[in-house]
$ cat upload.cif   # mmCIF, C-alpha atoms
data_data
#
loop_
_atom_site.label_atom_id
_atom_site.label_comp_id
_atom_site.auth_asym_id
_atom_site.auth_seq_id
_atom_site.Cartn_x
_atom_site.Cartn_y
_atom_site.Cartn_z
CA MET A 12 -26.17 -27.44 49.22
CA LEU A 13 -27.98 -24.45 47.86
CA GLU A 14 -24.73 -22.58 47.47
CA ASP A 15 -23.28 -25.55 45.59
CA THR A 16 -25.98 -25.50 42.94
CA GLY A 17 -25.53 -21.80 42.51
CA GLU A 18 -21.84 -22.35 41.84
CA LYS A 19 -22.59 -25.05 39.30
CA ARG A 20 -25.09 -22.93 37.51
CA ARG A 21 -22.65 -20.08 37.21
CA VAL A 22 -19.97 -22.37 35.77
CA LEU A 23 -22.43 -23.80 33.28
CA GLY A 24 -23.44 -20.30 32.38
CA ARG A 25 -19.87 -19.40 31.54
CA ARG A 26 -19.43 -22.49 29.45
CA ASP A 27 -22.60 -21.73 27.53
CA ILE A 28 -21.30 -18.30 26.77
CA LEU A 29 -17.97 -19.70 25.57
CA LYS A 30 -19.74 -22.26 23.41
CA ALA A 31 -22.00 -19.63 21.92
CA ALA A 32 -19.03 -17.39 21.26
CA GLY A 33 -17.19 -20.26 19.58
CA VAL A 34 -20.09 -20.96 17.27
CA GLY A 35 -20.34 -17.27 16.49
CA VAL A 36 -16.67 -17.02 15.54
CA MET A 37 -16.97 -20.09 13.33
CA ALA A 38 -20.02 -18.64 11.63
CA ILE A 39 -18.18 -15.41 10.90
CA ALA A 40 -15.12 -17.25 9.59
CA GLY A 41 -17.28 -19.54 7.46
CA GLY A 42 -19.28 -16.66 6.07
CA GLY A 43 -16.08 -14.81 5.24
CA LEU A 44 -14.69 -17.75 3.30
CA ALA A 45 -17.94 -18.32 1.46
CA SER A 46 -18.10 -14.76 0.17
CA GLY A 47 -14.38 -14.68 -0.54
CA SER A 48 -13.81 -11.70 1.71
CA ALA A 49 -11.66 -13.36 4.39
CA PHE A 50 -8.75 -11.28 5.57
CA ALA A 51 -5.32 -12.14 4.27
CA THR A 52 -3.00 -14.11 6.53
CA PRO A 53 0.80 -14.15 6.68
CA GLU A 54 0.68 -17.48 4.80
CA SER A 55 -1.59 -16.28 2.00
CA THR A 56 0.48 -13.11 1.68
CA ALA A 57 3.70 -15.13 1.37
CA GLU A 58 1.96 -17.27 -1.23
CA ALA A 59 0.82 -14.23 -3.24
CA LEU A 60 4.30 -12.73 -3.02
CA LYS A 61 5.93 -16.00 -4.09
CA LYS A 62 3.83 -16.00 -7.26
CA ILE A 63 5.33 -12.68 -8.31
CA ILE A 64 8.91 -12.88 -7.09
CA GLY A 65 9.68 -16.61 -6.89
CA THR A 66 11.35 -18.33 -3.98
CA ALA A 67 14.88 -16.93 -4.13
CA ALA A 68 14.16 -13.83 -2.02
CA LYS A 69 16.69 -12.82 0.63
CA ALA A 70 16.00 -10.68 3.66
CA GLY A 71 17.75 -7.32 3.83
CA LYS A 72 18.40 -4.09 1.89
CA VAL A 73 14.72 -3.09 2.14
CA THR A 74 13.70 -0.67 4.88
CA ILE A 75 10.08 0.13 5.67
CA LYS A 76 9.30 3.22 7.69
CA LEU A 77 5.90 3.10 9.39
CA PRO A 78 4.64 4.57 12.64
CA GLU A 79 4.91 2.20 15.65
CA ILE A 80 1.24 2.79 16.34
CA ALA A 81 -1.18 3.90 13.65
CA GLU A 82 -4.14 5.50 15.38
CA ASN A 83 -6.19 5.73 12.23
CA GLY A 84 -5.84 2.83 9.80
CA ARG A 85 -7.53 4.82 7.05
CA THR A 86 -4.38 6.72 6.24
CA VAL A 87 -0.97 5.57 7.41
CA PRO A 88 2.20 7.14 6.03
CA ILE A 89 4.70 4.61 4.73
CA THR A 90 8.18 5.07 3.27
CA VAL A 91 9.99 2.23 1.56
CA SER A 92 13.67 2.59 0.79
CA VAL A 93 16.07 0.14 -0.81
CA ASP A 94 19.82 0.14 -0.48
CA SER A 95 20.89 0.45 -4.13
CA PRO A 96 23.23 2.74 -6.11
CA MET A 97 20.46 3.25 -8.75
CA THR A 98 22.89 3.35 -11.69
CA SER A 99 21.93 2.05 -15.14
CA GLY A 100 23.83 -1.16 -14.39
CA ASP A 101 22.50 -1.77 -10.89
CA TYR A 102 19.11 -0.46 -9.87
CA VAL A 103 15.82 -1.46 -8.28
CA LYS A 104 13.27 -2.42 -10.91
CA THR A 105 10.16 -3.01 -8.81
CA ILE A 106 9.11 -2.64 -5.20
CA ILE A 107 6.07 -4.67 -4.14
CA VAL A 108 4.32 -3.72 -0.91
CA MET A 109 1.95 -6.17 0.78
CA ALA A 110 -0.03 -6.10 4.02
CA GLU A 111 -0.50 -9.39 5.85
CA GLY A 112 -3.71 -8.49 7.66
CA ASN A 113 -5.72 -6.55 5.08
CA PRO A 114 -8.66 -8.03 3.14
CA ASN A 115 -6.36 -8.26 0.11
CA PRO A 116 -2.60 -8.48 0.62
CA GLU A 117 -1.69 -6.26 -2.36
CA VAL A 118 -1.02 -2.62 -1.53
CA VAL A 119 1.05 -1.10 -4.31
CA ASN A 120 3.73 -1.93 -6.86
CA PHE A 121 6.31 0.74 -7.65
CA ASN A 122 8.12 0.61 -11.00
CA LEU A 123 11.47 2.35 -10.74
CA THR A 124 14.11 3.46 -13.21
CA PRO A 125 17.75 4.53 -12.78
CA ALA A 126 16.63 8.14 -13.43
CA LEU A 127 15.36 8.31 -9.86
CA GLY A 128 18.86 8.26 -8.37
CA LYS A 129 17.51 7.09 -5.04
CA ALA A 130 15.16 4.22 -4.23
CA GLU A 131 12.98 5.86 -1.63
CA ILE A 132 9.24 6.30 -2.07
CA SER A 133 6.59 7.54 0.33
CA THR A 134 2.85 7.11 0.14
CA ARG A 135 -0.15 6.59 2.41
CA MET A 136 -1.88 3.26 2.90
CA ARG A 137 -4.87 1.65 4.59
CA LEU A 138 -4.41 -0.90 7.38
CA GLY A 139 -7.24 -3.13 8.56
CA LYS A 140 -5.69 -4.22 11.86
CA THR A 141 -2.39 -4.71 13.69
CA GLN A 142 -0.16 -6.58 11.28
CA ASN A 143 3.12 -6.87 9.40
CA VAL A 144 3.75 -4.93 6.22
CA VAL A 145 6.10 -6.69 3.79
CA ALA A 146 8.04 -5.13 0.93
CA ALA A 147 10.00 -6.96 -1.76
CA ALA A 148 12.50 -5.29 -4.08
CA VAL A 149 13.33 -6.82 -7.45
CA MET A 150 16.77 -5.67 -8.58
CA SER A 151 17.90 -5.18 -12.18
CA ASP A 152 20.01 -8.38 -11.98
CA GLY A 153 16.95 -10.40 -10.94
CA SER A 154 17.82 -10.84 -7.27
CA VAL A 155 15.06 -10.18 -4.75
CA TYR A 156 15.31 -8.69 -1.28
CA THR A 157 12.57 -8.36 1.30
CA GLY A 158 11.88 -6.28 4.38
CA LYS A 159 9.21 -6.41 7.05
CA LYS A 160 7.76 -4.04 9.65
CA GLN A 161 5.09 -4.50 12.28
CA VAL A 162 2.52 -1.81 12.84
CA LYS A 163 -0.09 -1.57 15.59
CA VAL A 164 -3.43 -0.24 14.42
CA THR A 165 -5.97 1.31 16.79
CA ILE A 166 -8.85 1.83 14.33
CA GLY A 167 -8.93 -0.25 11.16
CA GLY A 168 -9.47 1.45 7.84
CA CYS A 169 -10.82 -1.10 5.42
CA GLY A 170 -14.48 -0.19 5.24
CA GLY A 171 -17.26 -2.25 6.81
CA MET B 7 -13.00 12.45 -12.22
CA ALA B 8 -11.07 14.44 -9.76
CA LYS B 9 -10.06 17.96 -8.99
CA LYS B 10 -6.79 19.44 -10.07
CA PRO B 11 -3.87 17.49 -8.58
CA ARG B 12 -1.30 19.21 -6.39
CA ILE B 13 2.31 18.73 -7.41
CA LYS B 14 5.52 20.01 -5.89
CA VAL B 15 8.53 20.16 -8.20
CA PRO B 16 11.33 22.68 -7.66
CA LYS B 17 11.39 25.41 -10.36
CA SER B 18 15.12 25.10 -10.81
CA ALA B 19 17.92 22.73 -9.89
CA LYS B 20 21.63 22.22 -10.44
CA LYS B 21 22.78 19.60 -12.93
CA GLY B 22 22.87 16.16 -11.34
CA GLU B 23 20.91 17.32 -8.29
CA GLN B 24 18.54 14.96 -6.58
CA ILE B 25 15.14 16.62 -6.33
CA GLN B 26 12.08 15.47 -4.45
CA ILE B 27 8.72 15.38 -6.17
CA LYS B 28 5.49 15.23 -4.19
CA THR B 29 2.08 14.63 -5.72
CA LEU B 30 -1.40 14.58 -4.26
CA ILE B 31 -4.73 14.09 -5.99
CA SER B 32 -8.22 14.22 -4.49
CA HIS B 33 -9.97 10.90 -4.89
CA LYS B 34 -12.21 8.81 -2.65
CA MET B 35 -10.45 5.55 -3.56
CA GLU B 36 -13.61 3.54 -2.96
CA THR B 37 -12.44 0.08 -1.87
CA GLY B 38 -15.53 -1.86 -2.89
CA ARG B 39 -15.88 -3.14 0.67
CA ARG B 40 -17.87 -0.27 2.15
CA LYS B 41 -21.64 -0.40 2.45
CA GLY B 42 -23.83 2.54 1.48
CA LYS B 43 -26.96 3.76 3.28
CA ASP B 44 -29.05 1.17 1.42
CA GLY B 45 -26.90 -1.65 2.83
CA LYS B 46 -25.46 -2.51 -0.56
CA LEU B 47 -21.74 -2.55 -1.26
CA ILE B 48 -20.45 0.54 -3.00
CA PRO B 49 -18.59 -0.67 -6.11
CA ARG B 50 -14.82 -0.38 -6.20
CA MET B 51 -13.60 2.83 -7.80
CA ILE B 52 -9.96 3.66 -7.32
CA ILE B 53 -7.11 5.26 -9.20
CA ASN B 54 -5.12 2.19 -10.18
CA ASN B 55 -2.16 3.73 -11.95
CA PHE B 56 0.08 6.73 -11.49
CA SER B 57 2.94 7.55 -13.79
CA CYS B 58 5.59 10.21 -14.01
CA LYS B 59 7.47 10.93 -17.23
CA PHE B 60 10.42 13.22 -17.74
CA GLY B 61 11.15 14.37 -21.29
CA GLY B 62 8.68 11.78 -22.61
CA LYS B 63 10.36 8.86 -20.85
CA GLU B 64 8.78 7.14 -17.89
CA VAL B 65 10.86 7.52 -14.74
CA PHE B 66 8.42 6.24 -12.13
CA SER B 67 5.06 4.55 -11.99
CA ALA B 68 2.88 2.85 -9.41
CA ASP B 69 0.14 0.23 -9.68
CA MET B 70 -2.31 0.80 -6.87
CA TYR B 71 -4.71 -1.50 -5.05
CA PRO B 72 -7.59 -0.55 -2.73
CA ALA B 73 -5.15 -0.59 0.22
CA ILE B 74 -3.86 2.82 -0.88
CA ALA B 75 -5.48 5.54 1.24
CA ALA B 76 -7.92 8.09 -0.15
CA ASN B 77 -6.31 11.06 -1.90
CA PRO B 78 -3.27 9.13 -3.16
CA TYR B 79 -0.01 10.78 -2.22
CA PHE B 80 3.45 9.98 -3.55
CA ALA B 81 6.84 11.36 -2.76
CA PHE B 82 9.92 10.22 -4.67
CA TYR B 83 13.31 11.43 -5.86
CA VAL B 84 14.56 12.13 -9.36
CA THR B 85 18.07 13.04 -10.43
CA VAL B 86 17.91 15.71 -13.13
CA ASP B 87 20.58 16.28 -15.77
CA LYS B 88 18.83 18.70 -18.11
CA SER B 89 15.91 21.10 -18.23
CA GLY B 90 12.62 19.54 -19.20
CA THR B 91 9.04 18.82 -18.36
CA PHE B 92 7.62 16.35 -15.90
CA GLU B 93 4.34 14.82 -17.02
CA PHE B 94 2.07 13.17 -14.49
CA ALA B 95 -0.91 10.93 -15.17
CA TRP B 96 -3.48 9.27 -12.92
CA THR B 97 -5.79 6.61 -14.34
CA ASP B 98 -8.90 5.30 -12.59
CA ASP B 99 -10.88 2.03 -12.83
CA LYS B 100 -13.08 3.48 -15.58
CA GLY B 101 -10.04 4.32 -17.68
CA LYS B 102 -10.34 8.07 -17.18
CA THR B 103 -7.02 9.87 -16.97
CA VAL B 104 -6.07 13.13 -15.32
CA THR B 105 -2.81 14.70 -16.43
CA ALA B 106 -0.63 17.54 -15.26
CA SER B 107 2.83 18.82 -16.05
CA LYS B 108 5.58 20.87 -14.42
CA ASP B 109 8.71 22.39 -15.93
CA ILE B 110 12.11 22.44 -14.35
CA ALA B 111 15.10 24.59 -15.32
CA VAL B 112 18.42 22.83 -14.78
CA THR B 113 21.57 24.90 -14.76
#

$ encode --input "upload.cif" --output "structure tokens"
Amino acid sequence: MLEDTGEKRRVLGRRDILKAAGVGVMAIAGGGLASGSAFATPESTAEALKKIIGTAAKAGKVTIKLPEIAENGRTVPITVSVDSPMTSGDYVKTIIVMAEGNPNPEVVNFNLTPALGKAEISTRMRLGKTQNVVAAAVMSDGSVYTGKKQVKVTIGGCGG
Amino acid sequence: MAKKPRIKVPKSAKKGEQIQIKTLISHKMETGRRKGKDGKLIPRMIINNFSCKFGGKEVFSADMYPAIAANPYFAFYVTVDKSGTFEFAWTDDKGKTVTASKDIAVT
């Protein structure tokens, strides 16, 4: 009998902890929304991207090079390349890079010209957590191609 | 705003050669999400635009957001047909611009 009560108490204890944790998570999420600093989600990123490039995007032609695991999210090397001849008649006009799990999805927009000869650009970016990085390439004829790459982040790099 | 940028452009190249240009500038790229010692948010202060011109014509530019790491670095390729000057410009949130230039001899 005594042992029984002990068991019950322990179970209740666990539930209390779970409940408390749940409330805590909700509070954090609510607070984030209220101050407008919620992290981006894949959906909100797709929405933001759609506003710029429209809905006719096709997957392919865009390659994102990122490390499999980024130990330090404060500076992560990224290379975006697009399969394009880069001639005056057929070139990449814009490359838009977005991160699905950062506070704001926008990372960088590259404006290219045929003078480059090759659509490959490297830079360094911040990553808040493990997430997908999306790149969209707008071609000179108006067609849009997208590419995606997942990156695991050990330590986030978005302040806080 | 910032110290002198570091730029790598080859001194000479053959006509039609694809050269790589690398640029690096020292800048904190304050995201506006970090808190200072007083617990207040440090206002956003980033370089939001980088541009590269060759012979007065823009060949490459980038619009940056706070997700670009501190000390913005870019590497890209340019195909050169004639000798000329590359002009680089970085503009920050306050509208201040840092410029630099590099010559290339094309044979």

$ axis_aligned_box --input "upload.cif" --around "region 149-155 of chain A" --padding-each-side "3 Å" --output "JSON"
{"center_x": 16.7, "center_y": -8.0, "center_z": -8.5, "size_x": 12.7, "size_y": 11.7, "size_z": 13.4}

$ interface_residues --input "upload.cif" --of "chain B" --to "chain A" --cutoff "6 Å" --atoms "all atoms listed in the file" --output "PyMOL selection string"
chain B and resi 39-40+65-71+73-75+79-85

$ atom_distance --input "upload.cif" --atom1 "CA of Lys34 (chain B)" --atom2 "CA of Gly158 (chain A)"
29.3 Å

$ atom_distance --input "upload.cif" --atom1 "CA of Lys163 (chain A)" --atom2 "CA of His33 (chain B)"
25.9 Å

$ resolve_selection --input "upload.cif" --expression "the PyMOL selection byres ((chain B and resi 30) around 9)" --output "VMD selection string"
chain B and resid 11 to 14 28 to 29 31 to 32 77 to 81

$ resolve_selection --input "upload.cif" --expression "the PyMOL selection byres ((chain B and resi 19-21) around 6)" --output "ChimeraX atom specification"
/B:18,22-23,87,112-113

$ closest_residue --input "upload.cif" --among "B:Gly38, B:Lys10, B:Pro72, B:Ile110" --to "Ala95 (chain B)" --atoms "only C-alpha atoms"
B:Lys10

$ residues_around --input "upload.cif" --residues "Gly112 (chain A)" --least-positions-apart "4" --cutoff "10 Å" --atoms "all atoms listed in the file" --output "list of chain:residue names"
A:Ala49, A:Phe50, A:Ala51, A:Thr52, A:Pro53, A:Ser55, A:Thr56, A:Pro116, A:Leu138, A:Gly139, A:Lys140, A:Thr141, A:Gln142, A:Asn143, A:Val144

$ atom_distance --input "upload.cif" --atom1 "CA of Ser154 (chain A)" --atom2 "CA of Ile27 (chain B)"
27.8 Å

$ residues_around --input "upload.cif" --residues "Ser151 (chain A)" --least-positions-apart "5" --cutoff "9 Å" --atoms "only C-alpha atoms" --output "PyMOL selection string"
chain A and resi 99-105

$ residues_around --input "upload.cif" --residues "Val155 (chain A)" --least-positions-apart "6" --cutoff "6 Å" --atoms "all atoms listed in the file" --output "CSV table (one decimal) with C-alpha atoms, keeping the file's coordinate frame"
chain,number,residue,atom,x,y,z
A,68,ALA,CA,14.2,-13.8,-2.0
A,148,ALA,CA,12.5,-5.3,-4.1
A,149,VAL,CA,13.3,-6.8,-7.4

$ resolve_selection --input "upload.cif" --expression "the PyMOL selection byres ((chain B and resi 96) around 7)" --output "mmCIF file with C-alpha atoms, keeping the file's coordinate frame"
data_model
loop_
_atom_site.group_PDB
_atom_site.id
_atom_site.type_symbol
_atom_site.label_atom_id
_atom_site.label_comp_id
_atom_site.auth_asym_id
_atom_site.auth_seq_id
_atom_site.Cartn_x
_atom_site.Cartn_y
_atom_site.Cartn_z
ATOM 1 C CA ILE B 53 -7.110 5.260 -9.200
ATOM 2 C CA ASN B 55 -2.160 3.730 -11.950
ATOM 3 C CA PHE B 56 0.080 6.730 -11.490
ATOM 4 C CA SER B 57 2.940 7.550 -13.790
ATOM 5 C CA PHE B 94 2.070 13.170 -14.490
ATOM 6 C CA ALA B 95 -0.910 10.930 -15.170
ATOM 7 C CA THR B 97 -5.790 6.610 -14.340
ATOM 8 C CA ASP B 98 -8.900 5.300 -12.590
ATOM 9 C CA THR B 103 -7.020 9.870 -16.970
ATOM 10 C CA VAL B 104 -6.070 13.130 -15.320
ATOM 11 C CA THR B 105 -2.810 14.700 -16.430
#

$ residues_around --input "upload.cif" --residues "Glu93 (chain B)" --least-positions-apart "2" --cutoff "9 Å" --atoms "only C-alpha atoms" --output "ChimeraX atom specification"
/B:57-62,64,91,95,105-109

$ residues_around --input "upload.cif" --residues "Val73 (chain A)" --least-positions-apart "6" --cutoff "6 Å" --atoms "only C-alpha atoms" --output "list of chain:residue names"
A:Ser92, A:Val93, A:Thr157, A:Gly158
